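Student: What follows is target-v3.txt, compact mmCIF, C-alpha atoms and all ligand atoms.
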```txt
# COMPACT_ATOMS: atom_id res chain seq x y z
CA MET S 1333 48.74 66.06 71.63
CA SER S 1334 48.50 67.91 68.35
CA LYS S 1335 49.26 71.60 68.15
CA ARG S 1336 46.20 73.69 67.32
CA ILE S 1337 47.15 76.25 64.68
CA ALA S 1338 45.33 79.52 63.95
CA ILE S 1339 46.14 80.57 60.40
CA PHE S 1340 45.48 84.25 59.95
CA GLY S 1341 45.51 84.63 56.18
CA SER S 1342 44.76 81.00 55.33
CA THR S 1343 43.83 81.69 51.70
CA GLY S 1344 47.18 83.23 50.79
CA SER S 1345 50.39 81.71 49.51
CA ILE S 1346 51.78 81.11 53.03
CA GLY S 1347 48.38 80.10 54.43
CA THR S 1348 47.67 77.45 51.79
CA GLN S 1349 51.18 76.01 52.14
CA ALA S 1350 50.72 75.84 55.92
CA LEU S 1351 47.54 73.85 55.34
CA GLN S 1352 49.51 71.45 53.14
CA VAL S 1353 51.92 70.94 56.04
CA ILE S 1354 49.01 70.35 58.42
CA ALA S 1355 47.36 67.90 55.99
CA ALA S 1356 50.62 65.95 55.77
CA ASN S 1357 50.95 65.79 59.58
CA PRO S 1358 47.46 65.23 60.99
CA ASP S 1359 48.87 63.66 64.16
CA LYS S 1360 50.96 66.77 64.90
CA PHE S 1361 48.82 69.71 63.84
CA SER S 1362 45.21 70.75 63.45
CA ALA S 1363 43.82 73.91 61.84
CA GLU S 1364 41.56 75.56 64.42
CA VAL S 1365 41.20 79.07 63.00
CA LEU S 1366 41.13 80.07 59.34
CA THR S 1367 40.73 83.66 58.15
CA ALA S 1368 40.35 85.21 54.71
CA HIS S 1369 39.99 88.73 53.41
CA THR S 1370 37.74 88.27 50.35
CA ASN S 1371 38.23 84.77 48.95
CA GLU S 1372 35.14 83.11 50.45
CA GLU S 1373 35.18 80.21 47.98
CA LEU S 1374 38.57 79.00 49.12
CA LEU S 1375 37.79 79.67 52.79
CA ILE S 1376 34.68 77.48 52.54
CA LYS S 1377 36.64 74.73 50.84
CA GLN S 1378 39.33 74.86 53.50
CA ALA S 1379 36.77 74.83 56.31
CA LEU S 1380 35.04 71.77 54.85
CA GLN S 1381 38.35 69.97 54.59
CA PHE S 1382 39.92 70.93 57.93
CA ASN S 1383 36.85 71.39 60.12
CA PRO S 1384 38.25 74.28 62.19
CA ASN S 1385 36.66 75.71 65.32
CA VAL S 1386 36.26 79.18 63.77
CA VAL S 1387 36.53 80.92 60.43
CA VAL S 1388 36.59 84.66 59.76
CA ILE S 1389 35.65 86.28 56.47
CA VAL S 1390 36.80 89.90 56.69
CA ASP S 1391 34.62 91.06 53.81
CA GLU S 1392 31.22 91.24 55.54
CA THR S 1393 29.26 91.09 52.30
CA LYS S 1394 30.35 87.45 52.02
CA TYR S 1395 29.22 86.42 55.51
CA ALA S 1396 25.85 84.96 54.50
CA LYS S 1397 27.40 82.82 51.81
CA VAL S 1398 30.04 81.37 54.14
CA LYS S 1399 27.49 80.83 56.91
CA GLU S 1400 25.16 78.99 54.58
CA ALA S 1401 27.89 76.82 53.07
CA LEU S 1402 28.98 75.73 56.55
CA ALA S 1403 25.46 75.38 58.01
CA ALA S 1404 25.71 71.61 58.25
CA THR S 1405 29.00 71.79 60.21
CA ASP S 1406 29.75 73.13 63.69
CA VAL S 1407 32.30 75.64 62.38
CA LYS S 1408 31.69 79.08 63.89
CA VAL S 1409 31.59 81.86 61.30
CA PHE S 1410 32.55 85.48 62.03
CA ALA S 1411 32.89 88.45 59.70
CA GLY S 1412 34.60 91.83 59.63
CA GLN S 1413 37.98 93.29 60.46
CA LYS S 1414 37.19 93.44 64.19
CA ALA S 1415 36.41 89.74 64.27
CA LEU S 1416 40.08 89.05 63.53
CA ASP S 1417 40.94 90.68 66.82
CA GLU S 1418 38.20 88.87 68.73
CA VAL S 1419 39.23 85.50 67.38
CA ALA S 1420 42.90 86.20 68.13
CA ALA S 1421 41.84 86.53 71.77
CA MET S 1422 40.11 83.13 71.82
CA ASP S 1423 41.32 80.15 73.76
CA CYS S 1424 40.89 77.55 71.03
CA TYR S 1425 44.43 77.60 69.56
CA ASP S 1426 48.06 77.10 70.63
CA LEU S 1427 50.02 78.91 67.90
CA MET S 1428 49.11 81.78 65.59
CA LEU S 1429 50.55 81.70 62.10
CA ALA S 1430 50.57 85.40 61.19
CA ALA S 1431 50.20 85.10 57.41
CA ILE S 1432 48.09 88.15 56.60
CA VAL S 1433 49.87 90.47 54.19
CA GLY S 1434 50.62 94.03 55.24
CA TYR S 1435 49.67 96.37 58.05
CA ALA S 1436 46.23 94.72 58.44
CA GLY S 1437 47.88 91.91 60.38
CA LEU S 1438 49.19 94.13 63.16
CA ARG S 1439 46.24 94.25 65.57
CA PRO S 1440 45.38 90.54 65.61
CA THR S 1441 49.04 89.65 66.11
CA LEU S 1442 49.39 92.05 69.04
CA THR S 1443 46.21 90.56 70.48
CA ALA S 1444 47.59 87.02 70.19
CA LEU S 1445 50.75 88.10 72.04
CA GLU S 1446 48.68 89.92 74.64
CA PHE S 1447 46.92 86.61 75.31
CA SER S 1448 50.31 84.85 75.60
CA LYS S 1449 50.04 82.92 72.35
CA PRO S 1450 53.23 81.98 70.54
CA VAL S 1451 53.33 83.48 67.04
CA ALA S 1452 54.96 82.08 63.91
CA ILE S 1453 55.42 85.30 61.98
CA ALA S 1454 55.36 85.46 58.19
CA ASN S 1455 53.89 88.96 58.10
CA LYS S 1456 57.07 91.03 57.92
CA GLU S 1457 55.25 94.34 57.44
CA ILE S 1458 54.09 94.39 61.04
CA LEU S 1459 57.68 94.17 62.27
CA VAL S 1460 58.59 96.97 59.88
CA VAL S 1461 55.72 99.14 61.11
CA ALA S 1462 55.98 98.59 64.87
CA GLY S 1463 58.77 96.09 65.50
CA ASP S 1464 59.70 97.58 68.87
CA ILE S 1465 56.15 97.23 70.18
CA VAL S 1466 55.67 93.72 68.80
CA MET S 1467 58.99 92.50 70.25
CA GLN S 1468 58.33 94.17 73.58
CA LYS S 1469 54.95 92.52 73.85
CA ALA S 1470 56.40 89.10 73.09
CA MET S 1471 59.13 89.68 75.69
CA GLU S 1472 56.71 90.96 78.32
CA LYS S 1473 54.45 87.90 77.85
CA ARG S 1474 57.47 85.57 77.51
CA VAL S 1475 56.10 83.97 74.36
CA PRO S 1476 58.21 82.94 71.39
CA LEU S 1477 58.01 84.82 68.11
CA ILE S 1478 59.26 82.35 65.51
CA PRO S 1479 60.22 83.67 62.08
CA VAL S 1480 58.69 82.14 58.94
CA ASP S 1481 60.32 84.38 56.34
CA SER S 1482 62.94 82.05 54.81
CA GLU S 1483 65.94 84.31 55.53
CA HIS S 1484 64.92 84.89 59.13
CA SER S 1485 64.12 81.24 59.63
CA ALA S 1486 67.64 80.51 58.36
CA ILE S 1487 69.18 82.93 60.86
CA PHE S 1488 66.98 81.59 63.65
CA GLN S 1489 68.07 78.04 62.81
CA CYS S 1490 71.75 79.11 62.78
CA LEU S 1491 71.28 80.58 66.27
CA VAL S 1492 69.82 77.44 67.84
CA GLY S 1493 72.29 76.23 70.46
CA GLU S 1494 74.34 79.45 70.44
CA GLY S 1495 73.09 80.64 73.82
CA ARG S 1496 74.56 84.04 74.60
CA ASN S 1497 77.17 83.92 71.83
CA LYS S 1498 77.15 87.29 70.10
CA ILE S 1499 76.36 87.86 66.46
CA GLU S 1500 79.00 89.88 64.63
CA LYS S 1501 76.78 90.28 61.62
CA ILE S 1502 74.18 88.53 59.54
CA ILE S 1503 74.28 88.06 55.79
CA LEU S 1504 70.79 88.21 54.34
CA THR S 1505 70.72 86.57 50.95
CA ALA S 1506 68.56 87.96 48.16
CA SER S 1507 67.64 86.26 44.90
CA GLY S 1508 67.81 89.61 43.13
CA GLY S 1509 64.29 89.09 41.78
CA PRO S 1510 63.20 88.84 38.14
CA PHE S 1511 65.06 92.00 37.06
CA LEU S 1512 68.53 91.23 38.38
CA GLY S 1513 71.14 93.02 36.27
CA LYS S 1514 68.58 95.32 34.63
CA LYS S 1515 68.96 99.10 34.53
CA PRO S 1516 66.45 101.96 34.92
CA ASN S 1517 65.95 102.30 31.14
CA PHE S 1518 64.58 98.73 31.22
CA LEU S 1519 62.69 99.01 34.52
CA VAL S 1520 60.78 102.10 33.44
CA ASN S 1521 58.77 99.96 31.00
CA VAL S 1522 58.17 96.96 33.24
CA LYS S 1523 54.53 95.90 33.49
CA ARG S 1524 52.64 94.18 36.24
CA ASP S 1525 52.52 90.67 34.78
CA HIS S 1526 56.23 90.60 34.12
CA ALA S 1527 57.03 91.84 37.63
CA LEU S 1528 54.84 89.10 39.12
CA GLN S 1529 57.09 86.36 37.70
CA HIS S 1530 59.65 85.43 40.34
CA PRO S 1531 62.46 83.08 39.27
CA ASN S 1532 62.68 80.95 42.46
CA TRP S 1533 59.55 81.41 44.57
CA SER S 1534 55.83 81.46 43.89
CA MET S 1535 54.32 84.00 46.28
CA GLY S 1536 51.47 86.44 46.85
CA ALA S 1537 51.20 89.49 44.57
CA LYS S 1538 52.48 92.08 47.04
CA ILE S 1539 55.66 90.27 48.05
CA SER S 1540 56.32 89.36 44.40
CA ILE S 1541 56.36 93.05 43.45
CA ASP S 1542 58.47 93.85 46.52
CA SER S 1543 60.93 91.18 45.39
CA ALA S 1544 61.11 92.73 41.93
CA THR S 1545 61.90 96.20 43.35
CA LEU S 1546 64.15 94.82 46.15
CA MET S 1547 61.90 96.56 48.67
CA ASN S 1548 61.36 93.08 50.05
CA LYS S 1549 65.01 92.85 51.06
CA GLY S 1550 64.82 96.28 52.66
CA LEU S 1551 61.76 95.24 54.66
CA GLU S 1552 63.64 92.10 55.65
CA MET S 1553 66.61 94.13 56.94
CA ILE S 1554 64.24 95.99 59.25
CA GLU S 1555 62.51 92.72 60.16
CA ALA S 1556 65.92 91.22 61.07
CA LYS S 1557 66.87 94.23 63.17
CA TRP S 1558 63.90 93.60 65.45
CA LEU S 1559 63.85 89.82 65.47
CA PHE S 1560 67.55 89.48 66.30
CA ASN S 1561 68.17 92.77 68.12
CA LEU S 1562 70.79 94.03 65.65
CA GLN S 1563 72.34 97.38 64.77
CA PRO S 1564 71.83 98.46 61.15
CA ASP S 1565 75.51 97.97 60.28
CA GLN S 1566 75.36 94.34 61.42
CA ILE S 1567 73.00 93.54 58.55
CA GLN S 1568 74.56 92.86 55.16
CA VAL S 1569 72.66 91.96 52.01
CA MET S 1570 74.22 89.74 49.34
CA VAL S 1571 72.53 88.77 46.09
CA HIS S 1572 72.63 84.99 45.67
CA PRO S 1573 70.47 84.21 42.64
CA GLN S 1574 70.28 80.43 43.19
CA SER S 1575 68.49 80.84 46.58
CA ILE S 1576 70.16 77.77 48.10
CA ILE S 1577 71.75 79.54 51.05
CA HIS S 1578 68.78 81.13 52.80
CA SER S 1579 70.97 83.41 54.99
CA MET S 1580 74.00 83.28 57.27
CA VAL S 1581 75.21 84.34 60.68
CA GLN S 1582 78.80 85.41 61.34
CA PHE S 1583 79.87 85.12 64.98
CA GLU S 1584 82.54 87.02 66.91
CA ASP S 1585 85.20 84.44 66.14
CA GLY S 1586 84.64 84.90 62.40
CA SER S 1587 82.88 81.57 62.02
CA ILE S 1588 79.95 81.69 59.60
CA LYS S 1589 76.94 79.39 59.74
CA ALA S 1590 74.59 79.06 56.80
CA GLN S 1591 71.24 77.34 56.47
CA MET S 1592 70.70 75.76 53.06
CA GLY S 1593 68.16 73.83 51.06
CA LEU S 1594 66.04 74.02 47.96
CA PRO S 1595 63.77 77.07 47.98
CA ASP S 1596 60.42 75.88 49.34
CA MET S 1597 58.44 77.95 51.84
CA LYS S 1598 56.90 74.82 53.31
CA LEU S 1599 60.23 74.18 54.99
CA PRO S 1600 60.39 77.35 57.13
CA ILE S 1601 56.62 77.13 57.70
CA GLN S 1602 56.92 73.58 58.97
CA TYR S 1603 59.98 74.46 61.06
CA ALA S 1604 58.16 77.34 62.74
CA MET S 1605 55.07 75.23 63.44
CA ALA S 1606 57.03 72.28 64.85
CA PHE S 1607 59.76 74.28 66.65
CA PRO S 1608 61.82 73.18 68.54
CA ASN S 1609 61.43 69.86 66.73
CA ARG S 1610 62.20 68.95 63.16
CA ILE S 1611 59.72 66.67 61.47
CA PRO S 1612 60.34 64.43 58.48
CA ASN S 1613 58.94 65.20 55.02
CA LYS S 1614 59.27 64.11 51.43
CA PHE S 1615 60.19 67.47 49.89
CA PRO S 1616 62.91 67.31 47.21
CA ARG S 1617 66.46 67.66 48.58
CA TRP S 1618 69.34 69.83 47.39
CA ASP S 1619 72.04 67.52 46.04
CA PHE S 1620 75.69 68.64 46.05
CA ARG S 1621 76.51 66.11 43.33
CA ARG S 1622 74.46 68.05 40.83
CA PRO S 1623 76.63 70.50 38.89
CA ALA S 1624 75.83 73.94 40.22
CA THR S 1625 77.58 77.15 41.09
CA LEU S 1626 76.56 79.28 44.02
CA THR S 1627 77.31 82.92 43.32
CA PHE S 1628 77.25 86.11 45.39
CA GLU S 1629 77.26 89.76 44.43
CA GLU S 1630 76.44 93.09 46.01
CA PRO S 1631 72.96 94.48 45.38
CA ASP S 1632 72.69 97.33 42.86
CA VAL S 1633 71.17 99.92 45.18
CA LYS S 1634 71.62 102.70 42.61
CA THR S 1635 69.19 100.98 40.27
CA PHE S 1636 66.94 99.38 42.88
CA ARG S 1637 66.49 102.52 44.92
CA ASN S 1638 63.73 101.04 47.06
CA LEU S 1639 66.43 99.13 48.87
CA SER S 1640 68.37 102.30 49.66
CA LEU S 1641 65.18 104.00 50.87
CA ALA S 1642 64.59 101.07 53.22
CA ILE S 1643 68.20 101.29 54.43
CA THR S 1644 67.65 104.99 55.15
CA ALA S 1645 64.52 104.11 57.14
CA LEU S 1646 66.39 101.35 58.96
CA HIS S 1647 69.07 103.82 60.08
CA LYS S 1648 66.62 106.60 60.96
CA GLY S 1649 64.31 104.37 62.96
CA GLY S 1650 61.34 105.94 64.78
CA ASN S 1651 58.25 106.08 62.59
CA MET S 1652 60.28 106.16 59.34
CA PRO S 1653 59.96 102.42 58.57
CA CYS S 1654 56.21 102.76 59.22
CA VAL S 1655 56.06 105.61 56.66
CA LEU S 1656 58.11 103.58 54.18
CA ASN S 1657 55.83 100.58 54.57
CA ALA S 1658 52.57 102.51 54.27
CA ALA S 1659 53.70 104.37 51.16
CA ASN S 1660 54.99 101.14 49.68
CA GLU S 1661 51.71 99.31 50.30
CA ILE S 1662 49.85 102.08 48.45
CA ALA S 1663 52.46 102.14 45.67
CA VAL S 1664 52.40 98.38 45.11
CA PHE S 1665 48.60 98.38 45.15
CA ALA S 1666 48.55 101.15 42.52
CA PHE S 1667 51.16 99.38 40.38
CA LEU S 1668 49.18 96.12 40.52
CA ARG S 1669 46.21 98.06 39.16
CA ASN S 1670 48.30 99.58 36.38
CA ARG S 1671 47.79 103.06 37.84
CA ILE S 1672 51.49 103.88 38.13
CA GLY S 1673 54.72 102.65 36.57
CA PHE S 1674 57.41 100.48 38.10
CA LEU S 1675 59.79 103.31 38.95
CA ASP S 1676 56.95 105.55 40.18
CA MET S 1677 56.70 103.25 43.18
CA THR S 1678 60.12 104.44 44.38
CA GLU S 1679 59.23 108.07 43.76
CA MET S 1680 56.05 107.70 45.80
CA VAL S 1681 57.83 106.12 48.76
CA GLU S 1682 60.60 108.72 48.69
CA ARG S 1683 58.22 111.69 48.56
CA THR S 1684 56.14 110.28 51.39
CA MET S 1685 59.26 109.77 53.54
CA ASP S 1686 60.17 113.42 52.92
CA LYS S 1687 56.69 114.64 53.81
CA ILE S 1688 55.54 112.86 56.97
CA PRO S 1689 56.82 114.36 60.25
CA PHE S 1690 59.47 112.29 61.98
CA ILE S 1691 58.75 110.84 65.43
CA ALA S 1692 61.76 109.32 67.19
CA HIS S 1693 59.90 107.19 69.74
CA PRO S 1694 56.32 106.62 68.58
CA THR S 1695 53.60 105.07 70.70
CA LEU S 1696 51.36 102.45 69.12
CA GLU S 1697 48.74 105.16 68.59
CA GLU S 1698 51.34 107.29 66.79
CA TYR S 1699 52.24 104.36 64.55
CA TYR S 1700 48.55 104.04 63.63
CA GLU S 1701 48.41 107.77 62.88
CA THR S 1702 51.64 107.72 60.90
CA ASP S 1703 50.35 104.81 58.83
CA GLY S 1704 47.13 106.67 58.02
CA GLU S 1705 48.88 109.95 57.15
CA ALA S 1706 51.46 108.23 54.98
CA ARG S 1707 48.78 106.26 53.12
CA ASN S 1708 46.72 109.41 52.47
CA PHE S 1709 49.71 111.35 51.24
CA ALA S 1710 50.95 108.53 49.02
CA ALA S 1711 47.46 108.05 47.57
CA SER S 1712 47.20 111.79 46.85
CA LEU S 1713 50.24 111.46 44.58
CA ILE S 1714 48.46 109.02 42.29
CA GLN S 1715 45.94 111.53 40.95
CA MET S 1716 48.69 113.79 39.62
P1 LIG S 1801 48.92 86.53 49.90
O1 LIG S 1801 48.52 87.80 49.26
O2 LIG S 1801 49.07 85.32 49.08
O3 LIG S 1801 47.91 86.19 51.09
C1 LIG S 1801 47.57 87.13 52.03
C2 LIG S 1801 46.54 86.61 53.02
O4 LIG S 1801 46.16 87.71 53.86
C3 LIG S 1801 45.25 86.08 52.37
O5 LIG S 1801 44.77 84.99 53.11
C4 LIG S 1801 44.30 87.28 52.50
O6 LIG S 1801 42.95 86.85 52.62
C5 LIG S 1801 44.75 87.93 53.77
N1 LIG S 1801 44.54 89.39 53.76
C6 LIG S 1801 44.93 90.27 52.80
N2 LIG S 1801 44.55 91.51 53.13
C7 LIG S 1801 43.90 91.42 54.31
C8 LIG S 1801 43.25 92.36 55.15
N3 LIG S 1801 43.19 93.67 54.84
N4 LIG S 1801 42.69 91.92 56.29
C9 LIG S 1801 42.73 90.61 56.61
N5 LIG S 1801 43.31 89.68 55.85
C10 LIG S 1801 43.90 90.07 54.72
O7 LIG S 1801 50.30 86.85 50.68
P2 LIG S 1801 51.48 85.84 51.02
O8 LIG S 1801 52.42 85.78 49.89
O9 LIG S 1801 50.93 84.58 51.59
O10 LIG S 1801 52.23 86.65 52.17
C11 LIG S 1801 51.74 86.75 53.49
C12 LIG S 1801 52.81 87.39 54.36
O11 LIG S 1801 53.92 86.50 54.42
C13 LIG S 1801 53.35 88.69 53.79
O12 LIG S 1801 53.61 89.58 54.83
C14 LIG S 1801 54.64 88.29 53.11
O13 LIG S 1801 55.61 89.32 53.11
C15 LIG S 1801 55.09 87.15 53.99
N6 LIG S 1801 55.95 86.18 53.28
C16 LIG S 1801 55.47 85.48 52.24
C17 LIG S 1801 56.27 84.58 51.55
C18 LIG S 1801 55.73 83.77 50.40
O14 LIG S 1801 56.46 82.91 49.89
N7 LIG S 1801 54.53 83.96 49.96
C19 LIG S 1801 57.59 84.42 51.95
C20 LIG S 1801 58.06 85.13 53.03
C21 LIG S 1801 57.24 86.02 53.69
MG MG S 1802 62.16 86.34 52.54
```
Represent the supplied structure as structure tokens.

Tutor:
Amino acid sequence: MSKRIAIFGSTGSIGTQALQVIAANPDKFSAEVLTAHTNEELLIKQALQFNPNVVVIVDETKYAKVKEALAATDVKVFAGQKALDEVAAMDCYDLMLAAIVGYAGLRPTLTALEFSKPVAIANKEILVVAGDIVMQKAMEKRVPLIPVDSEHSAIFQCLVGEGRNKIEKIILTASGGPFLGKKPNFLVNVKRDHALQHPNWSMGAKISIDSATLMNKGLEMIEAKWLFNLQPDQIQVMVHPQSIIHSMVQFEDGSIKAQMGLPDMKLPIQYAMAFPNRIPNKFPRWDFRRPATLTFEEPDVKTFRNLSLAITALHKGGNMPCVLNAANEIAVFAFLRNRIGFLDMTEMVERTMDKIPFIAHPTLEEYYETDGEARNFAASLIQM
């Protein structure tokens, strides 16, 4: 029987690649739920091609257009932010692919877990914001939470078959982004379009900017802490510009396992959807006969201060990662609209972390409040 996939965020970079995997494996997967924020054109196109049970267009002003375009089909059409939650609670799917970007993905993902649905999780921000609550919910409902982020997929794959063997540490690899080796006097002048060009991956706008500032790697350290139950000092970041080793696990006997391959997000997406199986594909292969050097260096946290802010939040815990994430979402949004400069993003995150009251053990409600307060404060810095 084919696995019925609910793609939350189907119009994004991860979502569209997941649909490519589904299209290539029609006997194994079907797309039963598709959701989009504002891109109704693409959502309609996807719905006509994949004939899902339900689609959600979050932007309610687009509802009539989607409804009309799908009138001749039996696809159910819902609209609005709340509909995401309602659809997450539906019975019509077997696996949620959490591919919404940012905090907005938190509620529907928690709902899916509440209804005992396995979740393939691309949306790292929700683990940064409320990782303890997300992991606890998955544990309580005994449902798997399968990483999609390439580094975390790599670690997950290295851990298959290891049973209770302890992790000594993990080595998260980082490409270094488009500005590897650059200094603040260069970064201060960086513009949006330049920052959006990633050397190895083609991704959504937000994660592309996060990769350029190295905030992405900081978010991934926090993501790894929750997914693999690690202490902060068990998480090491190494810059590996070729992006062939996707991350590594070092065990207690000193043995290190790495997961490798050409950088292509379809691989971890497909792995998460098919887990525990591997399925064949025709993607290009990494070839050791080709002349190539794999290099490793320490990240420059003095220049890319977003990474050190994330490390601070990782060590502090409580609501600090939630504050970091909220301020960063506002900062990236402002940078993408040319409202602030590249280095202002760091300043905004740092000031917000200094401002918002620390809570050591927040409830879900307190995470929601923290997120709102941090967003408001960060936004108030833009006007100045
Ligand atoms: P994207 O911007 O390309 O797509 C985001 C998707 O989320 C779209 O379908 C959009 O409609 C939806 N969305 C955006 N805001 C929303 C809102 N407020 N409410 C509901 N839906 C909303 O992003 P992406 O690059 O596909 O990334 C998605 C997630 O996966 C992110 O958390 C990112 O960090 C993670 N991720 C992405 C990649 C990648 O290669 N793109 C790699 C690893 C992890
Ligand atoms: Mg990643």

Student: Kindly indicate which residue among S:Val1581, S:Ile1611, S:Val1492, S:Met1535 lies nearest to ligand MG 1802 (chain S), using only C-alpha atoms and all ligand atoms for the distances.

Tutor: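 Nearest to ligand MG 1802 (chain S): S:Met1535.
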
Student: Determine the nearest neighbour of S:Ser1448 from the options S:Leu1477, S:Val1390, S:Ala1431, S:Ala1663, counting only C-alpha atoms.

Tutor: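 Of all the options, S:Leu1477 lies closest to S:Ser1448.
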
Student: Mind listing the residues within 7 Å of ligand LIG 1801 (chain S), all atoms listed in the file counted, as an MDAnalysis selection string?

Tutor: chainID S and resid 1340:1347 1367:1371 1390 1413 1431:1434 1436:1437 1454:1457 1480:1482 1533:1539 1597

Student: What do you get as a list in words if you pick all residues at most 8 Å from ligand MG 1802 (chain S), counting all atoms listed in the file?

Tutor: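 Using all atoms listed in the file, I find these residues within 8 Å of ligand MG 1802 (chain S): Asp1481, Ser1482, Glu1483, His1484, Ala1506, Asn1548, Lys1549 and Glu1552 of chain S.
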
Student: Let me make sure I understand: among S:Leu1445, S:Leu1562, S:Ile1487, S:Leu1512, which one has the smallest atom-to-atom distance to S:Glu1472 if we use all atoms listed in the file?

Tutor: S:Leu1445

Student: I'd like to know which of S:Leu1646, S:Val1461, S:Pro1358, S:Ala1486 is closest to S:Glu1701, using all atoms listed in the file.

Tutor: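 Of S:Leu1646, S:Val1461, S:Pro1358, S:Ala1486, the one nearest S:Glu1701, counting all atoms listed in the file, is S:Val1461.
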
Student: List as number ranges by chain the protein and nucleic acid residues near stretch 1628-1638 of chain S, meaning an atom at most 7 Å away when only C-alpha atoms are counted, but skip any in the same chain fewer than 3 places from it.

Tutor: S: 1515-1516, 1545-1547, 1570-1572, 1641-1642, 1678

Student: Find the spatial neighbours of S:Pro1616, counting only C-alpha atoms, within a cut-off of 8 Å - ignore same-chain residues fewer than 2 positions away - and output them as a list in words.

Tutor: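 Contacts, with the query itself left out: Leu1594, Lys1614 and Trp1618 of chain S.
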
Student: At a cut-off of 7 Å, using only C-alpha atoms, what residues contact S:Leu1675? Leave out same-chain residues fewer than 2 positions from it and give the result as JSON, numbers by chain.

Tutor: {"S": [1519, 1520, 1673, 1677, 1678, 1679]}

Student: Once you have the residues from the selection above, write them out as a PDB file, in the coordinates of the input, restricted to C-alpha atoms.

Tutor:
```
ATOM      1  CA  LEU S1519      62.690  99.010  34.520  1.00  0.00           C
ATOM      2  CA  VAL S1520      60.780 102.100  33.440  1.00  0.00           C
ATOM      3  CA  GLY S1673      54.720 102.650  36.570  1.00  0.00           C
ATOM      4  CA  MET S1677      56.700 103.250  43.180  1.00  0.00           C
ATOM      5  CA  THR S1678      60.120 104.440  44.380  1.00  0.00           C
ATOM      6  CA  GLU S1679      59.230 108.070  43.760  1.00  0.00           C
TER       7      GLU S1679
END
```

Student: Quick one, how far is atom CA of S:Gly1593 from atom CA of S:Arg1617?

Tutor: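 Computing it gives 6.9 Å between the two atoms.
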
Student: S:Gln1489, S:Glu1661, S:Trp1558, S:Pro1623: which is nearest S:Met1592, counting only C-alpha atoms?

Tutor: S:Gln1489

Student: Which is closest to S:Lys1360 among S:Met1605, S:Val1451, S:Ala1692, S:Leu1668, if we use all atoms listed in the file?

Tutor: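 For S:Lys1360, the nearest of the candidates is S:Met1605.
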
Student: What does the distance from atom CA of S:Ala1420 to atom CA of S:Ala1444 come to in Å, to one decimal?

Tutor: 5.2 Å

Student: Would you kindly return, as an NGL selection string, each protein, DNA or RNA residue with an atom no farther than 10 Å from any atom of S:Leu1442, considering only C-alpha atoms and excluding same-chain residues fewer than 2 positions away?

Tutor: :S and (1417 or 1420-1421 or 1437-1440 or 1444-1449 or 1451 or 1458 or 1465-1467 or 1469-1470)

Student: List the neighbours of S:Gln1591 out to 7 Å using all atoms listed in the file; skip same-chain residues closer than 6 positions along the sequence, and give me the result as a list of chain:residue names.

Tutor: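 Those residues are S:Ala1486, S:Cys1490, S:Ile1577, S:His1578, S:Ser1579, S:Met1580.
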
Student: Go ahead and compute the interatomic distance for atom CA of S:Ile1337 and atom CA of S:Glu1364, in Å to one decimal.

Tutor: 5.6 Å

Student: (58.9, 101.1, 61.3) in this file's frame - what residues fall within 10 Å of it? Use only C-alpha atoms and give the answer as a PyMOL selection string.

Tutor: chain S and resi 1457-1464+1551+1554-1555+1558+1642+1645-1646+1648-1658+1694+1699+1702-1703

Student: Can you find the residues with an atom no farther than 10 Å from (77.6, 83.5, 65.2), counting only C-alpha atoms, and report them as a PyMOL selection string?

Tutor: chain S and resi 1487+1490-1491+1494+1496-1502+1580-1590

Student: Go ahead and write the residues just picked, C-alpha atoms, as a tab-separated table (two decimals), in the coordinates of the input.

Tutor:
```tsv
chain	number	residue	atom	x	y	z
S	1487	ILE	CA	69.18	82.93	60.86
S	1490	CYS	CA	71.75	79.11	62.78
S	1491	LEU	CA	71.28	80.58	66.27
S	1494	GLU	CA	74.34	79.45	70.44
S	1496	ARG	CA	74.56	84.04	74.60
S	1497	ASN	CA	77.17	83.92	71.83
S	1498	LYS	CA	77.15	87.29	70.10
S	1499	ILE	CA	76.36	87.86	66.46
S	1500	GLU	CA	79.00	89.88	64.63
S	1501	LYS	CA	76.78	90.28	61.62
S	1502	ILE	CA	74.18	88.53	59.54
S	1580	MET	CA	74.00	83.28	57.27
S	1581	VAL	CA	75.21	84.34	60.68
S	1582	GLN	CA	78.80	85.41	61.34
S	1583	PHE	CA	79.87	85.12	64.98
S	1584	GLU	CA	82.54	87.02	66.91
S	1585	ASP	CA	85.20	84.44	66.14
S	1586	GLY	CA	84.64	84.90	62.40
S	1587	SER	CA	82.88	81.57	62.02
S	1588	ILE	CA	79.95	81.69	59.60
S	1589	LYS	CA	76.94	79.39	59.74
S	1590	ALA	CA	74.59	79.06	56.80
```
